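Colleague: Provided herewith is a single structure, encoded as structure tokens, for subsequent inquiry.
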Amino acid sequence: MDSPPTGWIKCNTDGAYDEFSGENGAGFVMRDFSNTASFCAFIVFGVEFAEEAEARASWEALKKVVEQKLTHLIIESDAESLINHFSAGMFDGNSRTDAIYMDIQSFSSSLVACLFTFQPRICNFVAHELAKWAKTYNFTMYWYVPPI
């Protein structure tokens, strides 16, 4: 994985959803220009489909960036259609995702710069594992010092 430029944070996000059981989770890991993980999380939400889990992962990461008063963010995800949607400035969703998308638009526009980029799952492995962990164990956890 490439490090972000100095002054930027790169955040890999992923969502997981099991359509049969309804179990879900989201994960993200933030890295700075030295490629050092500065924050990570896995989260469980009440979602009803995979795209909603993916959107919630980006929503939670952006919310945390705004809370930490960071200014430059790159969000990387393996949800290509969602990333294309956000990159094009399209933040309209369906009845389940519309509020999430509007928050993502609001959070991202409050930053100096925010980029949404697609990365295949192989490049998003840590976020994927965090999302799977949340889905499997059904709880939420945040780390300022990421686990080994």
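Going through the structure tokens in order, the chains are called A, B, and so on, while each chain numbers its residues from 1 and the ligands are numbered from 1 in the order shown.
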Show me, as a ChimeraX atom specification, the residues that have an atom within 10 Å of Ile100 (chain A) when counting only C-alpha atoms, minus same-chain residues fewer than 6 positions from it.
Modeller: /A:52,55-56,58-60,91-94,106
Colleague: If DSSP is run on the backbone, what residues of region 84-124 of chain A are alpha helix (DSSP H)? A reply as a list in words would be ideal.
Modeller: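 Filtering region 84-124 of chain A down to alpha helix (DSSP H) leaves Asn84, His85, Phe86, Ser87, Asp98, Ala99, Ile100, Tyr101, Met102, Asp103, Ile104, Gln105, Ser106, Phe107, Ser108 and Ser109 of chain A.
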Colleague: Suppose you want the space between CA of Ala26 (chain A) and CA of Phe39 (chain A); what is it in Å?
Modeller: 14.2 Å
Colleague: For region 6-15 of chain A, work out the shell of residues within 6 Å, counting only C-alpha atoms and skipping chain neighbours fewer than 2 positions away, then give it as a compact mmCIF listing (two decimals) with N, CA, C and O atoms, in the first residue's frame.
Modeller:
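As written to disk, out-v7.txt reads:
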```
# COMPACT_ATOMS: atom_id res chain seq x y z
N PRO A 4 0.12 7.91 2.06
CA PRO A 4 -0.43 9.17 1.57
C PRO A 4 0.63 10.26 1.61
O PRO A 4 1.63 10.12 2.32
N GLY A 25 -20.92 -5.84 9.60
CA GLY A 25 -19.83 -5.14 10.28
C GLY A 25 -19.15 -4.21 9.30
O GLY A 25 -19.30 -4.32 8.09
N ALA A 26 -18.41 -3.28 9.86
CA ALA A 26 -17.62 -2.35 9.07
C ALA A 26 -16.27 -2.22 9.76
O ALA A 26 -16.17 -2.37 10.98
N GLY A 27 -15.25 -1.95 8.98
CA GLY A 27 -13.93 -1.75 9.56
C GLY A 27 -13.19 -0.67 8.80
O GLY A 27 -13.46 -0.43 7.63
N PHE A 28 -12.30 -0.01 9.52
CA PHE A 28 -11.43 0.94 8.84
C PHE A 28 -10.13 1.07 9.60
O PHE A 28 -10.05 0.81 10.80
N VAL A 29 -9.10 1.44 8.85
CA VAL A 29 -7.79 1.72 9.43
C VAL A 29 -7.25 2.99 8.79
O VAL A 29 -7.31 3.15 7.57
N MET A 30 -6.79 3.91 9.63
CA MET A 30 -6.21 5.18 9.16
C MET A 30 -4.70 5.09 9.25
O MET A 30 -4.16 4.59 10.24
N ARG A 31 -4.03 5.61 8.21
CA ARG A 31 -2.57 5.64 8.19
C ARG A 31 -2.11 7.03 7.80
O ARG A 31 -2.74 7.69 6.99
N ASP A 32 -0.97 7.44 8.36
CA ASP A 32 -0.42 8.74 8.02
C ASP A 32 0.64 8.58 6.93
O ASP A 32 0.85 7.49 6.40
N PHE A 33 1.35 9.67 6.62
CA PHE A 33 2.34 9.67 5.54
C PHE A 33 3.49 8.68 5.76
O PHE A 33 4.14 8.27 4.82
N ALA A 53 -23.65 -1.41 4.35
CA ALA A 53 -22.52 -1.68 5.25
C ALA A 53 -21.26 -0.96 4.74
O ALA A 53 -20.52 -0.37 5.53
N GLU A 54 -21.03 -1.00 3.43
CA GLU A 54 -19.88 -0.31 2.84
C GLU A 54 -19.98 1.20 3.07
O GLU A 54 -18.99 1.85 3.44
N ALA A 57 -19.20 2.18 6.63
CA ALA A 57 -17.75 2.16 6.92
C ALA A 57 -17.14 3.52 6.57
O ALA A 57 -16.38 4.10 7.35
N HIS A 72 -7.15 16.60 5.51
CA HIS A 72 -6.90 16.00 4.20
C HIS A 72 -7.05 14.48 4.31
O HIS A 72 -6.32 13.85 5.06
N LEU A 73 -7.97 13.92 3.52
CA LEU A 73 -8.29 12.50 3.65
C LEU A 73 -8.42 11.83 2.30
O LEU A 73 -9.01 12.39 1.37
N ILE A 74 -7.88 10.62 2.23
CA ILE A 74 -8.10 9.72 1.10
C ILE A 74 -8.83 8.51 1.66
O ILE A 74 -8.32 7.85 2.57
N ILE A 75 -10.01 8.23 1.15
CA ILE A 75 -10.75 7.02 1.54
C ILE A 75 -10.57 6.01 0.43
O ILE A 75 -10.85 6.30 -0.73
N GLU A 76 -10.08 4.83 0.81
CA GLU A 76 -9.92 3.73 -0.15
C GLU A 76 -10.88 2.62 0.25
O GLU A 76 -10.99 2.26 1.41
N SER A 77 -11.57 2.09 -0.76
CA SER A 77 -12.54 1.02 -0.53
C SER A 77 -12.56 0.08 -1.72
O SER A 77 -12.24 0.48 -2.84
N ALA A 127 -8.72 -3.62 6.55
CA ALA A 127 -10.10 -3.14 6.75
C ALA A 127 -11.09 -4.28 6.54
O ALA A 127 -12.07 -4.40 7.29
N HIS A 128 -10.82 -5.14 5.58
CA HIS A 128 -11.70 -6.29 5.32
C HIS A 128 -11.73 -7.22 6.53
O HIS A 128 -12.79 -7.67 6.96
N ALA A 131 -13.77 -5.65 9.33
CA ALA A 131 -15.21 -5.76 9.06
C ALA A 131 -15.71 -7.17 9.33
O ALA A 131 -16.78 -7.36 9.92
```
Colleague: When DSSP is applied to the backbone of this structure, which of chain A are assigned strand (DSSP E)? Write them out as number ranges by chain.
Modeller: A: 9-17, 24-31, 37-43, 72-77, 113-118, 141-143
Colleague: Need to verify the contact set: Thr71 (chain A), 9 Å, only C-alpha atoms, exclusion of same-chain residues closer than 3 positions in sequence. Can you return it as a list of chain:residue names?
Modeller: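 In the requested form, the answer reads A:Gly7, A:Trp8, A:Ile9, A:Val65, A:Val66, A:Ser110, A:Leu111, A:Val112, A:Ala113, A:Cys114.
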Colleague: Could you take the residues named above and write them with N, CA and C atoms, as a PDB file, in the first residue's frame?
Modeller:
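Generated file (result.pdb):
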```
ATOM      1  N   GLY A   7       0.909  15.231   5.429  1.00  0.00           N
ATOM      2  CA  GLY A   7      -0.244  16.039   5.790  1.00  0.00           C
ATOM      3  C   GLY A   7      -1.586  15.390   5.504  1.00  0.00           C
ATOM      4  N   TRP A   8      -1.558  14.258   4.832  1.00  0.00           N
ATOM      5  CA  TRP A   8      -2.785  13.543   4.487  1.00  0.00           C
ATOM      6  C   TRP A   8      -2.935  12.298   5.362  1.00  0.00           C
ATOM      7  N   ILE A   9      -4.160  11.843   5.512  1.00  0.00           N
ATOM      8  CA  ILE A   9      -4.479  10.567   6.144  1.00  0.00           C
ATOM      9  C   ILE A   9      -5.121   9.697   5.076  1.00  0.00           C
ATOM     10  N   VAL A  65     -12.631  11.394  11.342  1.00  0.00           N
ATOM     11  CA  VAL A  65     -11.689  12.382  10.814  1.00  0.00           C
ATOM     12  C   VAL A  65     -12.144  13.795  11.176  1.00  0.00           C
ATOM     13  N   VAL A  66     -13.438  14.064  11.025  1.00  0.00           N
ATOM     14  CA  VAL A  66     -13.977  15.381  11.377  1.00  0.00           C
ATOM     15  C   VAL A  66     -13.837  15.624  12.878  1.00  0.00           C
ATOM     16  N   SER A 110     -16.589  19.353   4.553  1.00  0.00           N
ATOM     17  CA  SER A 110     -16.044  20.161   5.653  1.00  0.00           C
ATOM     18  C   SER A 110     -14.520  20.053   5.745  1.00  0.00           C
ATOM     19  N   LEU A 111     -13.943  19.129   4.986  1.00  0.00           N
ATOM     20  CA  LEU A 111     -12.487  18.966   4.955  1.00  0.00           C
ATOM     21  C   LEU A 111     -11.883  19.877   3.886  1.00  0.00           C
ATOM     22  N   VAL A 112     -10.602  20.160   4.006  1.00  0.00           N
ATOM     23  CA  VAL A 112      -9.917  20.921   2.969  1.00  0.00           C
ATOM     24  C   VAL A 112      -9.903  20.106   1.683  1.00  0.00           C
ATOM     25  N   ALA A 113      -9.624  18.808   1.800  1.00  0.00           N
ATOM     26  CA  ALA A 113      -9.599  17.925   0.636  1.00  0.00           C
ATOM     27  C   ALA A 113      -9.997  16.516   1.057  1.00  0.00           C
ATOM     28  N   CYS A 114     -10.808  15.888   0.225  1.00  0.00           N
ATOM     29  CA  CYS A 114     -11.230  14.501   0.474  1.00  0.00           C
ATOM     30  C   CYS A 114     -11.341  13.787  -0.865  1.00  0.00           C
TER      31      CYS A 114
END
```
